[in-house]
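Here is the structure we will look at.
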Amino acid sequence: VLGWLPGQFVASHDVYFGTDYNNVNIADSSSQEYKGNFIVNSFDPGGLNFFTTYYWRIDERSPYGITKGDIWSFRTHIEGRLLYVPSEYPTIQAAIDAASDWDFVIVAPGTYTGTGNRDIDFKGKTITVRSIDPKNPSIVAATVIDCENSGRGFYFHSGESKNSVVYGLTITRGSAIGNPAMGGGIYCSGSSPTIKNCVITNNSANGASNSFGDGESGYGGGVYCISNSHLTLINC
């Protein structure tokens with residue numbers, strides 16, 4: 001979160017934010033770098049890319065007019081390692097198994113199928129599994145976990161918290177079969193991960209009948225949570 005101290009008599013602030021110094025410097029309220037007018041003295045830019053320099057400017061509005069602010073900058077970095085799929089690890093699960101808390105599993109565009117790319121298990125780790133550019137809808141659409149109707153996409157059951165994150169992936173053809181069946185795309189049991197900027201589509205949960213012909217319907221073809229799970233779902 002970016003913060004600043006207001007000048008005397010300042011009523012509000014125009015916030016400009018972006019990755020190009022010149023664009024931020026010359027931006028006005030019609031520019032894409034303009035993020036809005038704020039009464040508060042802070043701004044949350046949201047998810048940021050790795051190893052990127054960002055520039056920001058705060059213009060102050062007062063009864064005497066608008067005072068243009070200086071350009072400030074910062075560069076992002078990460079605390080953990082980057083583990084790349086498939087260039088370093090053949091499957092998403094293999095990369096997760098090798099990861100430690102606060103690492104990032106970076107999944108290249110492609111369609112991921114078979115063992116190790118379905119029923120993906122974080123195993124309680126505080127990690128992020130993400131595409132190479134989770135804010136780009138084209139990259140999200142091109143980075144596909146295809147479960148082939150042979151299992152779920154992700155299975156969270158080891159107390160994962162909001163800091164266990166799936167970011168910018170497409171999850172499709174996940175299937176839960178049972179009595180009852182729950183969570184074809186993503187299933188959470190006693191876990192509270194964060195799912196952000198993902199496409200969860202064409203998944204299913206189909207209840208199975210027992211030998212007496214009884215059965216239950218499926219629950220949550222896309223996502224299902226039980227046992228005090230508190231999933232955070234953002235822009236999916």
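In the structure tokens, each chain is lettered A, B, ... as it comes, each chain's residues begin at 1, and ligands are numbered from 1 in order of appearance.
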
Could you give me, as a list in words, the residues within 6 Å of Phe154 in chain A, counting only C-alpha atoms and dropping anything in the same chain fewer than 2 positions from it?
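Non-adjacent residues within range: Asp119, Ile120, Arg152 and Ile186 of chain A.
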
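Residues lying within 9 Å of Cys225 in chain A, counting only C-alpha atoms and ignoring same-chain neighbours fewer than 2 positions away, are Met182, Gly183, Ile186, Tyr187, Cys188, Ser189, Gly190, Ser191, Ser192, Gly220, Val223, Ser227, Asn228, Ser229, His230 and Leu231 of chain A.
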
Written selection (C-alpha atoms) as a CSV table (one decimal), in the first residue's frame:
chain,number,residue,atom,x,y,z
A,182,MET,CA,-18.2,-32.3,-4.0
A,183,GLY,CA,-16.1,-29.8,-5.7
A,186,ILE,CA,-11.7,-27.0,-6.5
A,187,TYR,CA,-12.5,-28.7,-3.2
A,188,CYS,CA,-11.7,-27.2,0.2
A,189,SER,CA,-12.0,-29.1,3.5
A,190,GLY,CA,-10.8,-27.2,6.6
A,191,SER,CA,-8.8,-24.9,4.4
A,192,SER,CA,-9.0,-21.3,3.3
A,220,GLY,CA,-20.3,-27.6,-6.4
A,223,VAL,CA,-16.0,-25.1,-6.2
A,227,SER,CA,-15.5,-28.0,7.4
A,228,ASN,CA,-15.0,-24.4,8.3
A,229,SER,CA,-13.3,-23.5,5.1
A,230,HIS,CA,-13.3,-19.8,4.2
A,231,LEU,CA,-12.2,-19.5,0.6

Contact residues around Asp146 in chain A with only C-alpha atoms at 7 Å, ignoring same-chain residues under 6 positions, as a ChimeraX atom specification:
/A:111-113,171-173

Residue selection dump (N, CA, C and O atoms) as a short mmCIF file (atom, residue, chain, number, x, y, z; two decimals), in the first residue's frame:
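Generated output (again16.cif):
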data_model
loop_
_atom_site.label_atom_id
_atom_site.label_comp_id
_atom_site.auth_asym_id
_atom_site.auth_seq_id
_atom_site.Cartn_x
_atom_site.Cartn_y
_atom_site.Cartn_z
N THR A 111 -1.42 -26.68 -22.05
CA THR A 111 -2.47 -27.49 -21.46
C THR A 111 -1.84 -28.61 -20.66
O THR A 111 -1.04 -29.39 -21.20
N TYR A 112 -2.18 -28.68 -19.38
CA TYR A 112 -1.55 -29.62 -18.46
C TYR A 112 -2.55 -30.72 -18.10
O TYR A 112 -3.63 -30.43 -17.58
N THR A 113 -2.17 -31.96 -18.39
CA THR A 113 -3.06 -33.10 -18.18
C THR A 113 -2.31 -34.21 -17.45
O THR A 113 -1.09 -34.17 -17.29
N ILE A 171 -9.06 -23.72 -15.10
CA ILE A 171 -9.27 -25.06 -14.55
C ILE A 171 -10.53 -25.62 -15.21
O ILE A 171 -11.62 -25.07 -15.06
N THR A 172 -10.37 -26.72 -15.93
CA THR A 172 -11.50 -27.26 -16.68
C THR A 172 -11.55 -28.78 -16.63
O THR A 172 -10.55 -29.44 -16.37
N ARG A 173 -12.74 -29.29 -16.86
CA ARG A 173 -13.03 -30.73 -16.91
C ARG A 173 -12.60 -31.46 -15.64
O ARG A 173 -12.23 -32.62 -15.68
#

Option closest in space to Ala181 in chain A, from A:Asn206, A:Ser161, A:Leu169, A:Ile92 [counting only C-alpha atoms]:
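The shortest atom-to-atom distance to Ala181 in chain A comes from A:Asn206.
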
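Using only C-alpha atoms, the smallest distance between any of A:Leu82, A:Gly47, A:Ile106, A:Lys125 and Ser158 in chain A comes from A:Lys125.
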
Hey, which of A:Glu79, A:Ile145, A:Asp44, A:Ala98 ends up closest to Gly110 in chain A? Count only C-alpha atoms.
A:Ile145

Neighbouring residues of Ala142 in chain A were defined as those with any atom within 7 Å, considering only C-alpha atoms; residues of the same chain fewer than 3 positions away were excluded. Please report them as a tab-separated table (two decimals) with all heavy atoms, in the first residue's frame.
chain	number	residue	atom	x	y	z
A	109	PRO	N	2.38	-21.03	-20.37
A	109	PRO	CA	1.18	-21.33	-21.17
A	109	PRO	C	1.24	-22.73	-21.75
A	109	PRO	O	2.30	-23.21	-22.17
A	109	PRO	CB	1.23	-20.26	-22.27
A	109	PRO	CG	1.97	-19.12	-21.65
A	109	PRO	CD	3.02	-19.76	-20.79
A	110	GLY	N	0.12	-23.40	-21.78
A	110	GLY	CA	0.02	-24.76	-22.29
A	110	GLY	C	-1.14	-25.46	-21.62
A	110	GLY	O	-1.80	-24.91	-20.73
A	138	SER	N	-5.53	-13.29	-21.87
A	138	SER	CA	-5.08	-14.21	-22.92
A	138	SER	C	-4.14	-15.27	-22.35
A	138	SER	O	-4.19	-16.43	-22.74
A	138	SER	CB	-4.38	-13.43	-24.04
A	138	SER	OG	-5.28	-12.55	-24.67
A	139	ILE	N	-3.28	-14.85	-21.42
A	139	ILE	CA	-2.36	-15.81	-20.77
A	139	ILE	C	-3.15	-16.75	-19.87
A	139	ILE	O	-2.90	-17.97	-19.84
A	139	ILE	CB	-1.28	-15.07	-19.97
A	139	ILE	CG1	-0.38	-14.26	-20.90
A	139	ILE	CG2	-0.45	-16.05	-19.15
A	139	ILE	CD1	0.41	-15.09	-21.89

Could you list, as a list in words, every residue within 9 Å of Val15 in chain A, counting only C-alpha atoms and ignoring same-chain residues fewer than 4 positions away?
Glu33, Tyr34, Lys35, Gly36, Asn37, Phe38, Phe43, Trp56, Arg57, Ile58 and Asp59 of chain A

In Å, with one decimal, what is the gap from CA of Asn203 in chain A to CA of Ile234 in chain A?
18.5 Å

Expected answer as a short mmCIF file (atom, residue, chain, number, x, y, z; two decimals) with C-alpha atoms, in the first residue's frame: helix (DSSP H, G or I) residues in range 12-230 of chain A:
data_model
loop_
_atom_site.label_atom_id
_atom_site.label_comp_id
_atom_site.auth_asym_id
_atom_site.auth_seq_id
_atom_site.Cartn_x
_atom_site.Cartn_y
_atom_site.Cartn_z
CA TYR A 21 8.02 7.15 -16.03
CA ASN A 22 7.08 9.48 -18.88
CA ASN A 23 3.49 8.27 -19.06
CA VAL A 24 2.98 8.79 -15.35
CA ASN A 25 4.66 12.20 -15.53
CA ILE A 26 2.43 13.57 -18.30
CA ILE A 92 2.60 -28.73 -11.30
CA GLN A 93 2.52 -31.22 -8.42
CA ALA A 94 6.24 -31.95 -8.82
CA ALA A 95 7.00 -28.25 -8.45
CA ILE A 96 4.74 -27.95 -5.41
CA ASP A 97 6.42 -30.97 -3.81
CA ALA A 98 9.80 -29.25 -4.26
CA PRO A 137 -6.76 -12.72 -19.84
CA SER A 138 -5.08 -14.21 -22.92
CA ILE A 139 -2.36 -15.81 -20.77
CA VAL A 140 -4.94 -17.07 -18.28
CA ALA A 141 -6.95 -18.63 -21.11
CA ALA A 142 -3.81 -20.25 -22.52
#

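Across the structure, CA of Gly124 in chain A and CA of Ile226 in chain A are spaced 16.4 Å apart.
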